[in-house]
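Trainee: Please find query.txt (compact mmCIF, C-alpha atoms) on the next line:
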```txt
# COMPACT_ATOMS: atom_id res chain seq x y z
CA MET A 246 -48.39 -6.11 9.73
CA SER A 247 -48.23 -4.34 6.38
CA HIS A 248 -48.58 -0.58 6.58
CA PRO A 249 -46.67 2.39 5.09
CA LEU A 250 -45.70 3.57 8.56
CA LEU A 251 -43.93 0.34 9.38
CA GLY A 252 -41.66 0.33 6.36
CA ARG A 253 -40.22 3.84 6.58
CA ASP A 254 -37.91 5.73 8.88
CA LEU A 255 -39.36 7.87 11.65
CA ARG A 256 -37.79 10.56 13.77
CA SER A 257 -38.74 12.74 16.72
CA SER A 258 -39.81 16.20 15.66
CA PRO A 259 -37.08 18.78 16.22
CA CYS A 260 -39.87 21.29 16.95
CA TYR A 261 -40.45 19.70 20.37
CA GLU A 262 -38.38 19.18 23.48
CA LEU A 263 -39.24 16.63 26.14
CA VAL A 264 -39.53 18.02 29.66
CA LEU A 265 -39.94 15.96 32.83
CA TYR A 266 -42.92 17.05 34.96
CA ASP A 267 -40.67 17.80 37.95
CA ARG A 268 -38.69 20.31 35.88
CA LEU A 269 -41.63 22.35 34.62
CA PRO A 270 -42.37 25.85 35.94
CA ASP A 271 -44.75 26.04 38.89
CA ALA A 272 -47.70 27.22 36.77
CA ALA A 273 -47.38 24.30 34.35
CA ARG A 274 -47.04 21.78 37.18
CA SER A 275 -50.18 23.17 38.79
CA ALA A 276 -52.13 22.87 35.53
CA LEU A 277 -51.03 19.25 35.13
CA ALA A 278 -51.31 18.25 38.79
CA GLU A 279 -54.20 15.86 38.21
CA LEU A 280 -52.35 14.03 35.44
CA ALA A 281 -49.31 13.73 37.69
CA HIS A 282 -51.22 11.25 39.87
CA ASP A 283 -51.21 8.76 36.98
CA PRO A 284 -48.30 6.34 37.58
CA GLY A 285 -47.56 6.26 33.82
CA PHE A 286 -47.32 10.04 33.41
CA TYR A 287 -43.91 11.43 32.40
CA GLY A 288 -44.20 15.12 31.54
CA VAL A 289 -44.74 17.22 28.42
CA LEU A 290 -43.52 17.87 24.95
CA ARG A 291 -42.94 21.62 24.69
CA HIS A 292 -42.95 23.31 21.29
CA ARG A 293 -39.74 25.29 20.88
CA ASP A 294 -41.40 28.22 19.07
CA THR A 295 -44.88 28.52 20.59
CA ALA A 296 -44.30 26.98 24.07
CA ALA A 297 -47.43 24.86 23.51
CA LEU A 298 -47.50 21.75 25.71
CA LYS A 299 -48.56 18.17 24.98
CA SER A 300 -48.73 15.80 27.94
CA VAL A 301 -47.00 12.43 27.42
CA ASP A 302 -46.77 9.14 29.24
CA ARG A 303 -43.57 7.19 29.85
CA ASP A 304 -43.95 4.98 26.78
CA THR A 305 -44.31 7.98 24.47
CA ALA A 306 -41.37 9.70 26.15
CA LEU A 307 -39.17 6.63 25.62
CA LEU A 308 -40.20 6.43 21.97
CA PHE A 309 -39.47 10.14 21.50
CA TYR A 310 -36.00 9.70 23.00
CA THR A 311 -35.33 6.58 20.92
CA LEU A 312 -36.30 8.23 17.63
CA ARG A 313 -34.07 11.27 18.09
CA GLU A 314 -31.88 9.15 15.82
CA PRO A 315 -34.05 8.37 12.75
CA GLY A 316 -34.95 4.77 12.10
CA PRO A 317 -37.86 2.35 11.68
CA LEU A 318 -40.40 1.83 14.43
CA PRO A 319 -38.59 -0.13 17.18
CA GLY A 320 -39.43 -3.80 17.51
CA TYR A 321 -40.46 -3.44 21.14
CA VAL A 322 -43.08 -0.86 20.12
CA ARG A 323 -44.48 -3.15 17.43
CA ALA A 324 -44.69 -5.97 19.93
CA GLN A 325 -46.24 -3.80 22.62
CA LEU A 326 -48.85 -2.12 20.41
CA GLY A 327 -49.62 -5.04 18.10
CA ALA A 328 -52.32 -4.33 15.52
CA THR A 329 -52.96 -0.86 17.00
CA ALA A 330 -49.45 0.35 16.12
CA PRO A 331 -50.33 1.99 12.76
CA ARG A 332 -53.22 4.00 14.20
CA LEU A 333 -51.38 5.14 17.33
CA ILE A 334 -48.18 6.08 15.50
CA SER A 335 -50.25 7.82 12.82
CA ARG A 336 -51.71 10.00 15.56
CA LEU A 337 -48.23 11.05 16.67
CA VAL A 338 -47.30 11.81 13.05
CA ALA A 339 -50.54 13.74 12.49
CA ASP A 340 -49.87 15.81 15.61
CA GLY A 341 -46.32 16.62 14.54
CA VAL A 342 -44.70 14.76 17.44
CA LEU A 343 -43.07 12.26 15.08
CA GLU A 344 -42.05 12.75 11.45
CA ILE A 345 -41.96 10.15 8.69
CA GLU A 346 -39.51 9.95 5.81
CA GLN A 347 -41.04 10.61 2.40
CA ASP A 348 -38.78 10.77 -0.68
CA GLY A 349 -35.79 11.77 1.40
CA VAL A 350 -37.67 14.41 3.41
CA PHE A 351 -39.19 14.08 6.89
CA VAL A 352 -42.80 15.30 7.05
CA SER A 353 -45.66 15.31 9.56
CA GLY A 354 -49.20 16.67 9.93
CA PRO A 355 -51.50 17.00 6.90
CA ALA A 356 -48.64 16.54 4.43
CA ALA A 357 -47.71 13.17 5.94
CA LEU A 358 -51.26 11.83 6.06
CA ALA A 359 -51.88 12.88 2.46
CA ARG A 360 -48.85 10.89 1.30
CA LEU A 361 -49.34 7.76 3.38
CA GLY A 362 -52.45 6.49 1.57
CA GLY A 363 -53.89 3.08 2.41
CA GLU A 364 -55.35 2.77 5.89
CA ALA A 365 -54.19 6.27 6.80
CA GLY A 366 -55.79 7.88 3.75
CA PRO A 367 -58.58 10.41 4.25
CA GLY A 368 -62.24 9.49 3.97
CA ASN A 369 -65.17 11.53 2.75
CA GLY A 370 -67.32 11.49 5.88
CA GLY A 371 -69.74 8.69 5.01
CA GLU A 372 -73.26 8.81 3.62
CA GLY A 373 -76.63 9.82 5.03
CA ARG A 374 -78.17 13.08 6.18
CA ILE A 375 -76.19 13.45 9.41
CA ALA A 376 -72.89 12.49 7.78
CA ALA A 377 -73.52 15.18 5.16
CA LEU A 378 -74.38 17.72 7.89
CA SER A 379 -71.16 16.85 9.71
CA VAL A 380 -69.03 17.43 6.62
CA ASP A 381 -70.90 20.69 5.95
CA ALA A 382 -70.09 21.76 9.50
CA LEU A 383 -66.39 21.01 8.96
CA ARG A 384 -66.31 22.95 5.69
CA TYR A 385 -68.03 25.83 7.46
CA GLY A 386 -65.48 25.68 10.28
CA GLN A 387 -62.64 25.71 7.76
CA SER A 388 -63.99 28.95 6.29
CA LEU A 389 -64.27 30.84 9.57
CA PRO A 390 -61.55 33.44 10.34
CA LEU A 391 -61.06 32.15 13.89
CA ASP A 392 -57.80 31.28 15.65
CA ASP A 393 -59.26 30.41 19.07
CA PRO A 394 -59.91 26.63 19.27
CA SER A 395 -62.61 27.08 21.92
CA LEU A 396 -64.59 29.52 19.78
CA LEU A 397 -64.19 27.34 16.71
CA ALA A 398 -65.29 24.24 18.64
CA TRP A 399 -68.40 26.10 19.79
CA ARG A 400 -69.27 27.10 16.23
CA LEU A 401 -68.91 23.48 15.11
CA TYR A 402 -70.98 22.26 18.05
CA SER A 403 -73.72 24.80 17.28
CA TYR A 404 -73.94 24.02 13.57
CA ASN A 405 -77.47 23.44 12.19
CA ARG A 406 -79.26 25.46 14.87
CA GLN A 407 -82.30 27.25 13.53
CA PRO A 408 -82.32 31.07 13.92
CA LEU A 409 -84.05 32.55 16.95
CA THR A 410 -86.51 34.78 15.09
CA PRO A 411 -88.93 37.30 16.64
CA ALA A 412 -91.75 34.88 15.81
CA TRP A 413 -90.19 32.12 17.93
CA ARG A 414 -89.43 34.56 20.76
CA HIS A 415 -93.09 35.62 20.74
CA ARG A 416 -94.40 32.06 20.59
CA LEU A 417 -92.19 30.65 23.39
CA PRO A 418 -91.13 33.51 25.69
CA THR A 419 -90.89 31.42 28.92
CA ALA A 420 -90.41 27.87 30.21
CA ALA A 421 -94.13 27.83 31.08
CA ALA A 422 -94.97 28.64 27.46
CA VAL A 423 -92.72 25.77 26.33
CA GLU A 424 -94.48 23.36 28.69
CA SER A 425 -97.87 24.42 27.35
CA TRP A 426 -96.68 24.10 23.75
CA LEU A 427 -95.37 20.57 24.42
CA GLY A 428 -98.54 19.52 26.24
CA ILE A 429 -96.87 18.89 29.59
CA ASP A 430 -98.39 21.75 31.57
CA ARG A 431 -101.18 21.03 34.06
CA GLY A 432 -104.06 19.68 32.03
CA GLY A 433 -101.80 19.02 29.04
CA ALA A 434 -102.22 15.85 26.97
CA SER A 435 -98.92 14.32 28.20
CA ARG A 436 -98.94 15.52 31.80
CA LYS A 437 -100.50 12.36 33.24
CA LEU A 438 -97.83 10.10 31.70
CA LEU A 439 -95.08 12.49 32.76
CA ASP A 440 -96.25 12.55 36.40
CA SER A 441 -96.73 8.79 36.60
CA ALA A 442 -93.37 7.73 35.16
CA TRP A 443 -90.94 10.62 35.69
CA LEU A 444 -89.47 12.82 38.40
CA PRO A 445 -88.44 16.41 37.55
CA LEU A 446 -84.79 17.41 38.05
CA ALA A 447 -83.34 20.90 38.34
CA THR A 448 -80.83 21.47 35.52
CA GLU A 449 -79.66 24.68 33.91
CA GLY A 450 -81.00 25.38 30.42
CA TRP A 451 -83.15 22.25 30.19
CA LEU A 452 -86.44 20.74 31.31
CA THR A 453 -85.18 17.45 32.73
CA TRP A 454 -86.80 14.31 34.16
CA GLN A 455 -85.50 11.12 35.71
CA SER A 456 -87.28 7.78 35.56
CA ARG A 457 -89.25 7.04 38.74
CA SER A 458 -88.20 3.40 38.48
CA ARG A 459 -84.55 4.37 39.03
CA GLY A 460 -84.95 6.52 42.12
CA ARG A 461 -82.45 9.25 42.87
CA SER A 462 -79.17 7.40 42.34
CA ARG A 463 -75.81 9.13 42.28
CA ASN A 464 -75.37 8.36 38.60
CA ALA A 465 -78.80 9.35 37.31
CA GLU A 466 -77.54 10.84 34.08
CA ALA A 467 -75.62 7.81 32.86
CA GLY A 468 -77.98 5.22 34.28
CA GLY A 469 -74.97 2.96 34.87
CA ARG A 470 -71.47 2.97 36.37
CA ALA A 471 -70.32 6.29 37.78
CA ASP A 472 -66.97 6.00 35.95
CA GLY A 473 -68.35 4.54 32.72
CA PRO A 474 -69.49 6.12 29.47
CA THR A 475 -73.05 7.42 29.00
CA TRP A 476 -75.20 6.21 26.12
CA LYS A 477 -77.32 9.04 24.68
CA LEU A 478 -80.13 9.14 22.17
CA TYR A 479 -80.86 12.34 20.23
CA VAL A 480 -84.33 12.98 18.79
CA SER A 481 -84.31 15.90 16.36
CA PRO A 482 -87.61 16.83 14.69
CA ARG A 483 -87.75 20.22 13.04
CA PRO A 484 -88.99 22.84 15.54
CA GLU A 485 -92.33 23.37 13.79
CA ALA A 486 -93.03 19.60 14.11
CA LEU A 487 -92.02 19.27 17.76
CA ALA A 488 -95.31 20.13 19.44
CA GLU A 489 -97.28 17.49 17.54
CA SER A 490 -94.61 14.80 17.97
CA PHE A 491 -93.50 15.30 21.58
CA ALA A 492 -96.24 13.06 23.05
CA ALA A 493 -95.06 10.18 20.86
CA VAL A 494 -91.42 10.74 21.90
CA LEU A 495 -92.40 10.75 25.59
CA ALA A 496 -94.38 7.54 25.17
CA ALA A 497 -91.49 5.83 23.38
CA LEU A 498 -88.89 6.85 25.99
CA THR A 499 -91.20 5.73 28.79
CA ALA A 500 -91.81 2.34 27.17
CA ALA A 501 -88.07 1.86 26.55
CA ARG A 502 -87.27 2.68 30.21
CA ALA A 503 -84.88 5.55 29.55
CA ALA A 504 -82.94 6.51 32.69
CA GLN A 505 -83.38 10.23 32.05
CA PHE A 506 -84.31 12.69 29.34
CA LYS A 507 -84.25 16.42 28.77
CA VAL A 508 -85.74 18.94 26.37
CA GLY A 509 -84.83 22.58 25.76
CA ARG A 510 -86.56 24.92 28.22
CA ASP A 511 -86.88 27.95 25.92
CA ALA A 512 -87.16 28.87 22.26
CA ALA A 513 -83.38 28.84 21.76
CA GLY A 514 -83.16 25.36 23.29
CA LEU A 515 -85.86 24.00 20.99
CA LEU A 516 -84.18 25.46 17.90
CA ARG A 517 -80.90 23.65 18.52
CA PRO A 518 -80.57 20.31 16.69
CA ASP A 519 -80.08 18.28 19.88
CA LYS A 520 -83.34 19.52 21.40
CA ILE A 521 -84.32 16.19 23.01
CA VAL A 522 -81.64 14.00 24.62
CA SER A 523 -82.24 10.79 26.58
CA TYR A 524 -79.81 8.62 28.57
CA PHE A 525 -79.43 4.84 28.82
CA PRO A 526 -77.25 2.38 30.76
CA SER A 527 -76.64 0.14 27.72
CA TRP A 528 -76.62 0.06 23.94
CA GLU A 529 -79.44 -2.50 23.94
CA ARG A 530 -81.82 -0.19 25.79
CA LEU A 531 -80.86 2.74 23.57
CA ALA A 532 -81.45 0.71 20.41
CA ALA A 533 -84.89 -0.35 21.63
CA ALA A 534 -85.80 3.28 22.32
CA ALA A 535 -84.53 4.39 18.90
CA GLY A 536 -86.74 1.82 17.21
CA ALA A 537 -89.76 2.87 19.26
CA VAL A 538 -89.24 6.55 18.46
CA LEU A 539 -88.82 5.91 14.74
CA GLU A 540 -91.98 3.80 14.64
CA ARG A 541 -94.03 6.52 16.33
CA LEU A 542 -92.56 9.43 14.36
CA ASP A 543 -92.75 8.00 10.85
CA GLY A 544 -92.88 10.88 8.39
CA VAL A 545 -91.94 13.64 10.86
CA PRO A 546 -89.42 16.06 9.24
CA ALA A 547 -85.93 15.92 10.74
CA GLN A 548 -83.47 18.65 11.69
CA GLY A 549 -80.46 16.41 12.39
CA VAL A 550 -77.62 16.52 14.95
CA PRO A 551 -74.11 16.80 13.46
CA PHE A 552 -71.32 14.53 14.74
CA THR A 553 -73.71 11.81 15.94
CA ALA A 554 -74.39 8.31 14.60
CA GLU A 555 -77.56 8.18 12.53
CA VAL A 556 -80.32 5.62 13.11
CA GLY A 557 -82.82 4.96 10.35
CA GLY A 558 -81.42 7.08 7.55
CA ALA A 559 -83.48 10.28 7.75
CA GLY A 560 -81.53 12.13 10.44
CA LEU A 561 -84.42 12.17 12.93
CA VAL A 562 -82.79 9.87 15.49
CA SER A 563 -79.09 9.44 16.29
CA TRP A 564 -76.81 8.47 19.16
CA GLY A 565 -73.48 9.04 20.84
CA VAL A 566 -71.51 8.04 23.95
CA ASP A 567 -70.30 10.62 26.46
CA PRO A 568 -66.70 10.14 27.65
CA PRO A 569 -66.21 8.34 30.97
CA ALA A 570 -65.09 10.26 34.05
CA ALA A 571 -61.41 9.40 33.53
CA GLU A 572 -61.39 10.92 30.05
CA ARG A 573 -63.13 14.06 31.24
CA SER A 574 -60.78 14.60 34.17
CA ALA A 575 -57.73 14.26 31.93
CA LEU A 576 -59.12 17.07 29.79
CA GLY A 577 -59.63 19.52 32.64
CA GLY A 578 -62.11 18.09 35.11
CA SER A 579 -65.42 19.30 33.65
CA ARG A 580 -68.12 16.95 32.44
CA GLU A 581 -67.95 16.67 28.69
CA SER A 582 -70.57 15.53 26.20
CA TRP A 583 -69.92 13.38 23.15
CA ARG A 584 -70.43 16.27 20.75
CA VAL A 585 -68.25 18.66 22.78
CA TRP A 586 -65.51 16.01 22.86
CA VAL A 587 -65.68 15.58 19.07
CA ALA A 588 -66.02 19.31 18.29
CA GLN A 589 -62.95 20.20 20.36
CA ARG A 590 -60.76 17.71 18.52
CA LEU A 591 -62.07 18.77 15.15
CA ALA A 592 -61.40 22.43 15.97
CA TRP A 593 -57.82 21.73 17.07
CA SER A 594 -57.22 19.75 13.88
CA LEU A 595 -58.71 22.42 11.58
CA LEU A 596 -56.42 25.04 13.09
CA ALA A 597 -53.37 22.76 12.96
CA ALA A 598 -53.96 22.06 9.27
CA ARG A 599 -54.52 25.76 8.53
CA ARG A 600 -51.17 26.63 10.14
CA ALA A 601 -49.20 23.82 8.50
CA GLU A 602 -46.44 24.93 6.11
CA GLU A 603 -47.39 22.13 3.70
CA ARG A 604 -51.06 21.23 3.93
CA GLY A 605 -51.30 18.14 1.75
CA LEU A 606 -54.94 17.79 2.83
CA GLU A 607 -57.62 20.41 3.06
CA PRO A 608 -58.14 21.30 6.73
CA TRP A 609 -61.61 19.70 6.88
CA ARG A 610 -60.25 16.43 5.48
CA PHE A 611 -57.33 16.46 7.90
CA ALA A 612 -59.72 17.05 10.82
CA LEU A 613 -61.85 14.14 9.62
CA GLU A 614 -58.83 11.87 9.45
CA ARG A 615 -57.45 13.02 12.80
CA VAL A 616 -60.66 12.24 14.67
CA ARG A 617 -60.79 8.87 12.89
CA LEU A 618 -57.35 8.09 14.29
CA GLU A 619 -58.75 8.99 17.71
CA GLY A 620 -61.22 6.10 17.37
CA VAL A 621 -64.32 7.65 15.77
CA ASP A 622 -65.82 5.90 12.74
CA THR A 623 -66.15 8.92 10.46
CA GLU A 624 -68.28 7.00 7.98
CA THR A 625 -71.04 6.69 10.59
CA TRP A 626 -69.82 9.10 13.33
CA ALA A 627 -70.10 6.29 15.86
CA PRO A 628 -67.51 5.86 18.62
CA GLY A 629 -65.26 2.89 17.95
CA ALA A 630 -65.59 -0.13 20.21
CA ALA A 631 -62.16 0.43 21.77
CA LEU A 632 -62.34 4.23 22.05
CA TRP A 633 -62.62 4.22 25.85
CA LYS A 634 -61.91 0.54 26.42
CA SER A 635 -59.81 1.18 29.52
CA ALA A 636 -62.78 2.88 31.19
```
Please re-express this file's structure in C-alpha cells.
Mentor:
Amino acid sequence: MSHPLLGRDLRSSPCYELVLYDRLPDAARSALAELAHDPGFYGVLRHRDTAALKSVDRDTALLFYTLREPGPLPGYVRAQLGATAPRLISRLVADGVLEIEQDGVFVSGPAALARLGGEAGPGNGGEGRIAALSVDALRYGQSLPLDDPSLLAWRLYSYNRQPLTPAWRHRLPTAAAVESWLGIDRGGASRKLLDSAWLPLATEGWLTWQSRSRGRSRNAEAGGRADGPTWKLYVSPRPEALAESFAAVLAALTAARAAQFKVGRDAAGLLRPDKIVSYFPSWERLAAAAGAVLERLDGVPAQGVPFTAEVGGAGLVSWGVDPPAAERSALGGSRESWRVWVAQRLAWSLLAARRAEERGLEPWRFALERVRLEGVDTETWAPGAALWKSA
C-alpha cells in the first residue's frame, strides 16, 4: 500500500490519557454501560484539558499504547486492517487521537489532513443541486456563532426549510386542512387509493401510512431486518407544487410497493425539505420507486434535501440509509435518521476545526473530509458500501 500515512512516523497524542472502563468514575461508567457489554470494549481516551471522553476498543487502546513511542504504523496493524488502514488511521489523526510527523513536527486535525494530500486530501462536495445545497449548509454552519454541537447539528439538519409565513399558517392551520389540500380527505381525489393500499399509523409530527400488503410487522418502518439499515426515499417538491403533485407521488409509491411513507402533518412539516419520506427493504425497490416518481413528476420544481444522495439531477428525489440498531444504540440508544447521523458528525467536525490551533483547512472542508473518512461518499452524499457492513 502506498499512502502518506504509511511512510511517516506516528505518535499517540499527549493531549489524551487512556483510562480503563473499570477505573472511570461512577457517572462515566453509567453513561457507557451499554458499550461495556461489547466484548471488544476497553475504555476511554480522556482529554487532559477538557475532560472530554472518546470511547475506544481494545485494538485502538493497544495501538495508542504502542505509539506512545513515535514510529511508523506497526506491521500487525497493517496486516489486520489491510486496504482500510489509511482511512481508519486518518480518522484517528483527524480526531487528534494520533499525530503524524510533518517536517519534524507532529500534527493532527485539520492541519494534518491539509498536508497529507493524495487520498486524504479534501474534496469539494461533488456536483448537482443537492451537493451544492449540502456545501452551502456547511458554509452556513461554519459562520454560525454556536459552540453547542447539538444546536449546530440541528441548524445543519434544518437547512433549506422554507419560512413559515402568515400566509402558510392561514392556508394550512390544521392536519385536517393539510389532508384536504393534499386531496386525501374524505371525498378527496387520492382517498380511494390511500384506503385501498395503505393503513394509517399514529406518529408524532407526521401523517404516516403503512402498506396493507405488509401487515403490522414489528419492523414496519424499515420493511426488513429489525437490526438492519433502513432504505429511505425523499421526495422534495417545492411547497407550492406539492398539492398538484401529491397524487402522482402516492401512485408511484403504491406501484413500487413502499413499506411505509409519511408526509408532514402541518404547514411547518410541508415547508421542510424532507416533506415526503418513504421506506423500503432493499435498494432495488427504492430505485424502482425513484424512477416511478421522477417519471410522474417531470417538470415539477424541486426544493432539495441536503446531505442525501441525489437521483436524476434536479434535486427532486434523493435517498439515504438510516443507521442499523447497533449503530444507534452505541450513540445513545435513540433511533437516528440518516440526516441526523450525518449532521451530528458534521457539527462535531466544524467545531473541532474552529477550535484547532492550526486550521490548515477551512472548517467546512475539514467537516467534509471527516465525514468522508467515516464512509460517506461526499461527491454524491451516498453511504459507502461498507459503512455499516458489520450490521
Trainee: Between atom CA of Ser403 of chain A and atom CA of Asp519 of chain A, what is the distance in Å, rounded to a tenth?
Mentor: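 Computed distance, atom CA of Ser403 of chain A to atom CA of Asp519 of chain A, equals 9.5 Å.
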Trainee: Find the residues of segment 371-449 of chain A that sit at most 9 Å from segment 508-518 of chain A; for each, write down the nearest two atoms and how far apart they are in Å, to one decimal. Count all atoms listed in the file. Sort by chain, then by number going up, and give it as a tab-separated table.
Mentor:
```
residue	atom	partner	partner_atom	distance
A:Ser403	CA	A:Arg517	CA	7.4
A:Tyr404	CA	A:Pro518	CA	8.2
A:Asn405	CA	A:Pro518	CA	6.3
A:Arg406	CA	A:Arg517	CA	4.4
A:Gln407	CA	A:Leu516	CA	5.1
A:Pro408	CA	A:Leu516	CA	7.1
A:Leu409	CA	A:Ala513	CA	6.1
A:Trp413	CA	A:Ala512	CA	6.2
A:Arg414	CA	A:Ala512	CA	6.3
A:Arg416	CA	A:Ala512	CA	8.1
A:Leu417	CA	A:Ala512	CA	5.5
A:Pro418	CA	A:Asp511	CA	7.0
A:Thr419	CA	A:Asp511	CA	6.1
A:Ala420	CA	A:Arg510	CA	5.2
A:Ala421	CA	A:Arg510	CA	8.6
A:Ala422	CA	A:Asp511	CA	8.3
A:Val423	CA	A:Asp511	CA	6.2
A:Glu424	CA	A:Arg510	CA	8.1
A:Glu449	CA	A:Arg510	CA	8.9
```
Trainee: Find the residues near segment 344-346 of chain A: any atom within 10 Å, counting only C-alpha atoms, skip ones fewer than 3 places away on the same chain, and give them as a PyMOL selection string.
Mentor: chain A and resi 249-250+252-259+312+315-317+334-335+337-341+349-354+357-358+361
Trainee: What lies within 7 Å of segment 285-287 of chain A using all atoms listed in the file, ignoring chain neighbours under 3 positions off, as a ChimeraX atom specification?
Mentor: /A:265-266,280-281,301-303,306
Trainee: Identify which of the residues A:Glu581, A:Ala493, A:Ala627, A:Gln505 lies closest to Leu446 of chain A, counting all atoms listed in the file when measuring atom-to-atom distances.
Mentor: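 Nearest candidate to Leu446 of chain A out of A:Glu581, A:Ala493, A:Ala627, A:Gln505: A:Gln505.
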